[in-house]
>>> print(open('query-v2.cif').read())   # mmCIF, C-alpha atoms
data_input
loop_
_atom_site.label_atom_id
_atom_site.label_comp_id
_atom_site.auth_asym_id
_atom_site.auth_seq_id
_atom_site.Cartn_x
_atom_site.Cartn_y
_atom_site.Cartn_z
CA MET A 29 63.20 -107.27 7.24
CA PRO A 30 60.11 -109.33 8.07
CA LYS A 31 57.84 -107.68 10.65
CA GLU A 32 58.19 -110.60 13.06
CA ASN A 33 61.94 -109.84 13.34
CA LEU A 34 61.30 -106.25 14.38
CA PRO A 35 60.80 -105.16 17.99
CA GLU A 36 57.10 -104.73 18.82
CA TRP A 37 57.39 -100.94 19.05
CA LEU A 38 58.67 -100.73 15.44
CA ARG A 39 56.04 -102.93 13.82
CA GLY A 40 53.31 -100.29 13.72
CA VAL A 41 55.44 -97.48 12.30
CA LYS A 42 53.64 -95.70 9.47
CA LYS A 43 55.63 -92.46 9.34
CA ILE A 44 59.38 -91.94 9.02
CA ILE A 45 61.04 -88.65 9.92
CA PRO A 46 64.61 -88.83 8.63
CA VAL A 47 66.99 -86.87 10.88
CA ILE A 48 70.68 -86.03 10.55
CA ILE A 49 72.48 -84.85 13.67
CA THR A 50 75.88 -83.28 13.15
CA LYS A 51 78.55 -82.70 15.76
CA ASP A 52 79.36 -79.19 14.53
CA ASP A 53 77.11 -76.18 13.89
CA ILE A 54 76.70 -76.90 10.17
CA GLY A 55 73.69 -79.15 10.85
CA SER A 56 71.61 -76.23 12.10
CA SER A 57 72.96 -73.43 9.91
CA TRP A 58 71.27 -71.43 7.13
CA MET A 59 70.30 -73.44 4.03
CA THR A 60 72.06 -76.64 5.16
CA ASN A 61 68.80 -78.44 5.87
CA ALA A 62 67.32 -77.36 2.53
CA TYR A 63 70.38 -78.65 0.67
CA LEU A 64 70.49 -81.99 2.51
CA ASN A 65 66.75 -82.51 2.05
CA ALA A 66 67.00 -81.77 -1.69
CA ARG A 67 69.70 -84.44 -2.06
CA PHE A 68 67.66 -86.86 0.11
CA GLN A 69 64.55 -86.35 -2.03
CA GLU A 70 66.57 -87.02 -5.21
CA LYS A 71 67.72 -90.40 -3.84
CA LEU A 72 64.47 -91.47 -2.14
CA ASN A 73 62.57 -94.18 -3.99
CA ARG A 74 59.02 -93.33 -2.90
CA LEU A 75 57.54 -96.28 -4.81
CA LYS A 76 59.56 -98.68 -2.66
CA TYR A 77 58.13 -97.11 0.52
CA LYS A 78 54.63 -96.23 -0.68
CA LYS A 79 53.01 -97.69 2.46
CA LEU A 80 54.92 -95.20 4.62
CA THR A 81 54.69 -91.47 5.03
CA ILE A 82 58.20 -90.06 4.74
CA THR A 83 58.61 -86.45 5.80
CA PRO A 84 61.32 -84.12 4.56
CA LEU A 85 64.74 -84.79 6.06
CA VAL A 86 65.51 -82.67 9.13
CA SER A 87 69.06 -81.71 10.04
CA MET A 88 70.22 -80.31 13.35
CA ASN A 89 73.41 -80.17 15.34
CA VAL A 90 73.96 -81.95 18.63
CA ALA A 91 73.60 -78.69 20.58
CA SER A 92 70.08 -78.30 19.14
CA LEU A 93 69.30 -81.86 20.20
CA GLU A 94 70.53 -81.10 23.72
CA ARG A 95 68.27 -78.06 23.84
CA ALA A 96 65.35 -80.21 22.65
CA VAL A 97 65.63 -82.56 25.62
CA ALA A 98 63.94 -80.09 27.98
CA ALA A 99 61.01 -79.78 25.54
CA MET A 100 60.69 -83.57 25.32
CA GLN A 101 59.18 -83.55 28.81
CA GLU A 102 56.14 -81.86 27.24
CA ILE A 103 56.16 -82.98 23.60
CA SER A 104 57.54 -85.93 21.64
CA PHE A 105 60.71 -85.70 19.55
CA SER A 106 58.68 -86.47 16.43
CA ASP A 107 56.34 -83.56 17.19
CA ILE A 108 59.36 -81.26 17.61
CA MET A 109 60.60 -82.38 14.20
CA GLU A 110 57.20 -81.91 12.57
CA ASP A 111 56.88 -78.47 14.19
CA ARG A 112 60.26 -77.53 12.67
CA ILE A 113 59.07 -78.65 9.21
CA HIS A 114 55.73 -76.84 9.61
CA GLU A 115 57.34 -73.56 10.75
CA ASP A 116 59.76 -73.50 7.78
CA PRO A 117 58.56 -75.77 4.94
CA LYS A 118 61.48 -74.72 2.72
CA LEU A 119 63.88 -75.82 5.51
CA SER A 120 66.12 -72.84 4.83
CA ARG A 121 66.33 -71.33 8.34
CA PRO A 122 68.53 -72.57 11.19
CA PHE A 123 66.83 -75.19 13.38
CA GLU A 124 66.33 -72.87 16.37
CA ALA A 125 64.92 -70.11 14.13
CA ALA A 126 62.31 -72.52 12.76
CA SER A 127 61.29 -74.34 15.94
CA SER A 128 58.69 -73.33 18.52
CA TRP A 129 60.27 -75.75 21.01
CA VAL A 130 64.04 -75.55 20.61
CA HIS A 131 65.52 -72.21 21.59
CA ARG A 132 68.97 -70.68 21.36
CA GLY A 133 71.25 -70.61 24.37
CA THR A 134 72.35 -73.06 27.03
CA PRO A 135 70.41 -76.34 27.23
CA ARG A 136 68.00 -76.43 30.16
CA LYS A 137 67.41 -79.29 32.58
CA MET A 138 70.59 -81.17 31.67
CA ASP A 139 69.91 -83.79 34.35
CA LYS A 140 67.08 -85.12 32.18
CA HIS A 141 69.65 -86.02 29.49
CA ILE A 142 71.22 -88.68 31.70
CA GLU A 143 67.86 -90.05 32.83
CA ILE A 144 66.54 -90.30 29.26
CA LEU A 145 69.80 -91.83 28.01
CA LYS A 146 69.65 -94.58 30.64
CA GLU A 147 65.99 -95.34 29.84
CA CYS A 148 66.62 -95.45 26.09
CA GLY A 149 69.66 -97.66 26.53
CA ALA A 150 67.76 -100.14 28.68
CA GLU A 151 64.84 -100.25 26.24
CA MET A 152 67.13 -100.81 23.25
CA GLN A 153 68.98 -103.59 25.03
CA ALA A 154 65.69 -105.31 25.82
CA ASP A 155 64.12 -104.76 22.39
CA PHE A 156 67.13 -106.04 20.47
CA ALA A 157 68.03 -108.74 23.02
CA MET A 158 71.48 -107.18 23.46
CA VAL A 159 73.75 -108.52 26.18
CA GLU A 160 77.06 -107.16 27.42
CA GLU A 161 79.97 -109.55 27.04
#
>>> encode(input="query-v2.cif", output="structure tokens")
Amino acid sequence: MPKENLPEWLRGVKKIIPVIITKDDIGSSWMTNAYLNARFQEKLNRLKYKKLTITPLVSMNVASLERAVAAMQEISFSDIMEDRIHEDPKLSRPFEAASSWVHRGTPRKMDKHIEILKECGAEMQADFAMVEE
């Protein structure tokens, strides 16, 4: 897509962190991320995207994402993903075992989820000129 058709905030993107979020626990289980990343790397045409940095694919389940929301008050989602990659370059451990920011247990500060969801929704509607019918 031509850059002029992209929202302003997407035009300067130089790094892509591919993420898969699963509904069940498989997304954050042992060896799942390593397997999914291996298949992703096989299919990725790096020559086509040579102007971009593309990190390994990160997989997590939705519960891990919910736990990450509390950390996103202090650190960006992309930094959480890069921390996960840095802590376990082979991507073989479960997400929570390889993240300094996302811990096991009940998600903290759940009220932030709703606030962030509303903000993201409003920004996406504005950026993509979406209107409700």
>>> atom_distance(input="query-v2.cif", atom1="atom CA of A:Lys31", atom2="atom CA of A:Arg74")
19.8 Å
>>> resolve_selection(input="query-v2.cif", expression="the PyMOL selection byres ((chain A and resi 45-55) around 12)", output="mmCIF file with C-alpha atoms, keeping the file's coordinate frame")
data_model
loop_
_atom_site.group_PDB
_atom_site.id
_atom_site.type_symbol
_atom_site.label_atom_id
_atom_site.label_comp_id
_atom_site.auth_asym_id
_atom_site.auth_seq_id
_atom_site.Cartn_x
_atom_site.Cartn_y
_atom_site.Cartn_z
ATOM 1 C CA VAL A 41 55.440 -97.480 12.300
ATOM 2 C CA LYS A 42 53.640 -95.700 9.470
ATOM 3 C CA LYS A 43 55.630 -92.460 9.340
ATOM 4 C CA ILE A 44 59.380 -91.940 9.020
ATOM 5 C CA SER A 56 71.610 -76.230 12.100
ATOM 6 C CA SER A 57 72.960 -73.430 9.910
ATOM 7 C CA TRP A 58 71.270 -71.430 7.130
ATOM 8 C CA MET A 59 70.300 -73.440 4.030
ATOM 9 C CA THR A 60 72.060 -76.640 5.160
ATOM 10 C CA ASN A 61 68.800 -78.440 5.870
ATOM 11 C CA ALA A 62 67.320 -77.360 2.530
ATOM 12 C CA TYR A 63 70.380 -78.650 0.670
ATOM 13 C CA LEU A 64 70.490 -81.990 2.510
ATOM 14 C CA ASN A 65 66.750 -82.510 2.050
ATOM 15 C CA PHE A 68 67.660 -86.860 0.110
ATOM 16 C CA GLN A 69 64.550 -86.350 -2.030
ATOM 17 C CA LEU A 72 64.470 -91.470 -2.140
ATOM 18 C CA LEU A 80 54.920 -95.200 4.620
ATOM 19 C CA THR A 81 54.690 -91.470 5.030
ATOM 20 C CA ILE A 82 58.200 -90.060 4.740
ATOM 21 C CA THR A 83 58.610 -86.450 5.800
ATOM 22 C CA PRO A 84 61.320 -84.120 4.560
ATOM 23 C CA LEU A 85 64.740 -84.790 6.060
ATOM 24 C CA VAL A 86 65.510 -82.670 9.130
ATOM 25 C CA SER A 87 69.060 -81.710 10.040
ATOM 26 C CA MET A 88 70.220 -80.310 13.350
ATOM 27 C CA ASN A 89 73.410 -80.170 15.340
ATOM 28 C CA VAL A 90 73.960 -81.950 18.630
ATOM 29 C CA ALA A 91 73.600 -78.690 20.580
ATOM 30 C CA SER A 92 70.080 -78.300 19.140
ATOM 31 C CA LEU A 93 69.300 -81.860 20.200
ATOM 32 C CA GLU A 94 70.530 -81.100 23.720
ATOM 33 C CA PHE A 105 60.710 -85.700 19.550
ATOM 34 C CA SER A 106 58.680 -86.470 16.430
ATOM 35 C CA ASP A 107 56.340 -83.560 17.190
ATOM 36 C CA ILE A 108 59.360 -81.260 17.610
ATOM 37 C CA MET A 109 60.600 -82.380 14.200
ATOM 38 C CA GLU A 110 57.200 -81.910 12.570
ATOM 39 C CA ASP A 111 56.880 -78.470 14.190
ATOM 40 C CA ARG A 112 60.260 -77.530 12.670
ATOM 41 C CA ILE A 113 59.070 -78.650 9.210
ATOM 42 C CA LEU A 119 63.880 -75.820 5.510
ATOM 43 C CA SER A 120 66.120 -72.840 4.830
ATOM 44 C CA ARG A 121 66.330 -71.330 8.340
ATOM 45 C CA PRO A 122 68.530 -72.570 11.190
ATOM 46 C CA PHE A 123 66.830 -75.190 13.380
ATOM 47 C CA GLU A 124 66.330 -72.870 16.370
#
>>> atom_distance(input="query-v2.cif", atom1="atom CA of A:Ser104", atom2="atom CA of A:Trp129")
10.6 Å
>>> atom_distance(input="query-v2.cif", atom1="atom CA of A:Lys78", atom2="atom CA of A:Lys118")
22.8 Å
>>> residues_near_point(input="query-v2.cif", point="(58.3, -109.0, 22.3)", cutoff="8 Å", atoms="all atoms listed in the file", output="PyMOL selection string")
chain A and resi 35-36+155
>>> residues_around(input="query-v2.cif", residues="A:Glu151", least_positions_apart="6", cutoff="12 Å", atoms="all atoms listed in the file", output="list in words")
Pro35, Glu36, Trp37, Ile144, Leu145, Ala157 and Met158 of chain A
>>> closest_residue(input="query-v2.cif", among="A:Tyr77, A:Gly40, A:Asn33, A:Val97", to="A:Ile142", atoms="all atoms listed in the file")
A:Val97
>>> build_atoms(input="query-v2.cif", residues="stretch 45-75 of chain A", atoms="N, CA and C atoms", output="mmCIF file, keeping the file's coordinate frame")
data_model
loop_
_atom_site.group_PDB
_atom_site.id
_atom_site.type_symbol
_atom_site.label_atom_id
_atom_site.label_comp_id
_atom_site.auth_asym_id
_atom_site.auth_seq_id
_atom_site.Cartn_x
_atom_site.Cartn_y
_atom_site.Cartn_z
ATOM 1 N N ILE A 45 60.490 -90.003 9.944
ATOM 2 C CA ILE A 45 61.040 -88.650 9.920
ATOM 3 C C ILE A 45 62.555 -88.800 9.896
ATOM 4 N N PRO A 46 63.161 -88.691 8.711
ATOM 5 C CA PRO A 46 64.610 -88.830 8.630
ATOM 6 C C PRO A 46 65.294 -87.629 9.289
ATOM 7 N N VAL A 47 66.289 -87.911 10.136
ATOM 8 C CA VAL A 47 66.990 -86.870 10.880
ATOM 9 C C VAL A 47 68.493 -87.090 10.751
ATOM 10 N N ILE A 48 69.222 -86.012 10.508
ATOM 11 C CA ILE A 48 70.680 -86.030 10.550
ATOM 12 C C ILE A 48 71.103 -85.125 11.684
ATOM 13 N N ILE A 49 71.948 -85.647 12.567
ATOM 14 C CA ILE A 49 72.480 -84.850 13.670
ATOM 15 C C ILE A 49 73.982 -84.744 13.476
ATOM 16 N N THR A 50 74.454 -83.503 13.351
ATOM 17 C CA THR A 50 75.880 -83.280 13.150
ATOM 18 C C THR A 50 76.526 -82.844 14.461
ATOM 19 N N LYS A 51 77.806 -83.095 14.560
ATOM 20 C CA LYS A 51 78.550 -82.700 15.760
ATOM 21 C C LYS A 51 78.813 -81.196 15.770
ATOM 22 N N ASP A 52 79.052 -80.620 14.599
ATOM 23 C CA ASP A 52 79.360 -79.190 14.530
ATOM 24 C C ASP A 52 78.110 -78.386 14.165
ATOM 25 N N ASP A 53 78.253 -77.073 14.106
ATOM 26 C CA ASP A 53 77.110 -76.180 13.890
ATOM 27 C C ASP A 53 76.514 -76.247 12.484
ATOM 28 N N ILE A 54 77.186 -76.880 11.548
ATOM 29 C CA ILE A 54 76.700 -76.900 10.170
ATOM 30 C C ILE A 54 75.308 -77.524 10.051
ATOM 31 N N GLY A 55 74.989 -78.470 10.922
ATOM 32 C CA GLY A 55 73.690 -79.150 10.850
ATOM 33 C C GLY A 55 72.504 -78.260 11.089
ATOM 34 N N SER A 56 72.725 -77.138 11.803
ATOM 35 C CA SER A 56 71.610 -76.230 12.100
ATOM 36 C C SER A 56 71.790 -74.865 11.448
ATOM 37 N N SER A 57 72.683 -74.742 10.493
ATOM 38 C CA SER A 57 72.960 -73.430 9.910
ATOM 39 C C SER A 57 72.046 -73.143 8.713
ATOM 40 N N TRP A 58 72.098 -71.884 8.245
ATOM 41 C CA TRP A 58 71.270 -71.430 7.130
ATOM 42 C C TRP A 58 71.445 -72.313 5.905
ATOM 43 N N MET A 59 70.378 -72.709 5.305
ATOM 44 C CA MET A 59 70.300 -73.440 4.030
ATOM 45 C C MET A 59 70.845 -74.876 4.058
ATOM 46 N N THR A 60 71.524 -75.283 5.109
ATOM 47 C CA THR A 60 72.060 -76.640 5.160
ATOM 48 C C THR A 60 70.949 -77.674 5.073
ATOM 49 N N ASN A 61 69.897 -77.478 5.876
ATOM 50 C CA ASN A 61 68.800 -78.440 5.870
ATOM 51 C C ASN A 61 68.138 -78.517 4.499
ATOM 52 N N ALA A 62 67.938 -77.365 3.855
ATOM 53 C CA ALA A 62 67.320 -77.360 2.530
ATOM 54 C C ALA A 62 68.169 -78.138 1.527
ATOM 55 N N TYR A 63 69.477 -77.940 1.580
ATOM 56 C CA TYR A 63 70.380 -78.650 0.670
ATOM 57 C C TYR A 63 70.339 -80.162 0.920
ATOM 58 N N LEU A 64 70.486 -80.554 2.182
ATOM 59 C CA LEU A 64 70.490 -81.990 2.510
ATOM 60 C C LEU A 64 69.157 -82.645 2.153
ATOM 61 N N ASN A 65 68.055 -81.947 2.397
ATOM 62 C CA ASN A 65 66.750 -82.510 2.050
ATOM 63 C C ASN A 65 66.591 -82.647 0.541
ATOM 64 N N ALA A 66 67.087 -81.681 -0.221
ATOM 65 C CA ALA A 66 67.000 -81.770 -1.690
ATOM 66 C C ALA A 66 67.753 -83.004 -2.188
ATOM 67 N N ARG A 67 68.930 -83.259 -1.653
ATOM 68 C CA ARG A 67 69.700 -84.440 -2.060
ATOM 69 C C ARG A 67 68.985 -85.723 -1.607
ATOM 70 N N PHE A 68 68.404 -85.703 -0.405
ATOM 71 C CA PHE A 68 67.660 -86.860 0.110
ATOM 72 C C PHE A 68 66.474 -87.173 -0.797
ATOM 73 N N GLN A 69 65.719 -86.150 -1.186
ATOM 74 C CA GLN A 69 64.550 -86.350 -2.030
ATOM 75 C C GLN A 69 64.934 -86.903 -3.400
ATOM 76 N N GLU A 70 66.091 -86.491 -3.926
ATOM 77 C CA GLU A 70 66.570 -87.020 -5.210
ATOM 78 C C GLU A 70 66.819 -88.526 -5.134
ATOM 79 N N LYS A 71 67.333 -88.989 -3.994
ATOM 80 C CA LYS A 71 67.720 -90.400 -3.840
ATOM 81 C C LYS A 71 66.580 -91.287 -3.343
ATOM 82 N N LEU A 72 65.561 -90.694 -2.746
ATOM 83 C CA LEU A 72 64.470 -91.470 -2.140
ATOM 84 C C LEU A 72 63.610 -92.132 -3.208
ATOM 85 N N ASN A 73 63.432 -93.419 -3.096
ATOM 86 C CA ASN A 73 62.570 -94.180 -3.990
ATOM 87 C C ASN A 73 61.198 -94.312 -3.314
ATOM 88 N N ARG A 74 60.337 -93.356 -3.569
ATOM 89 C CA ARG A 74 59.020 -93.330 -2.900
ATOM 90 C C ARG A 74 58.163 -94.541 -3.252
ATOM 91 N N LEU A 75 58.326 -95.101 -4.434
ATOM 92 C CA LEU A 75 57.540 -96.280 -4.810
ATOM 93 C C LEU A 75 57.877 -97.469 -3.919
#
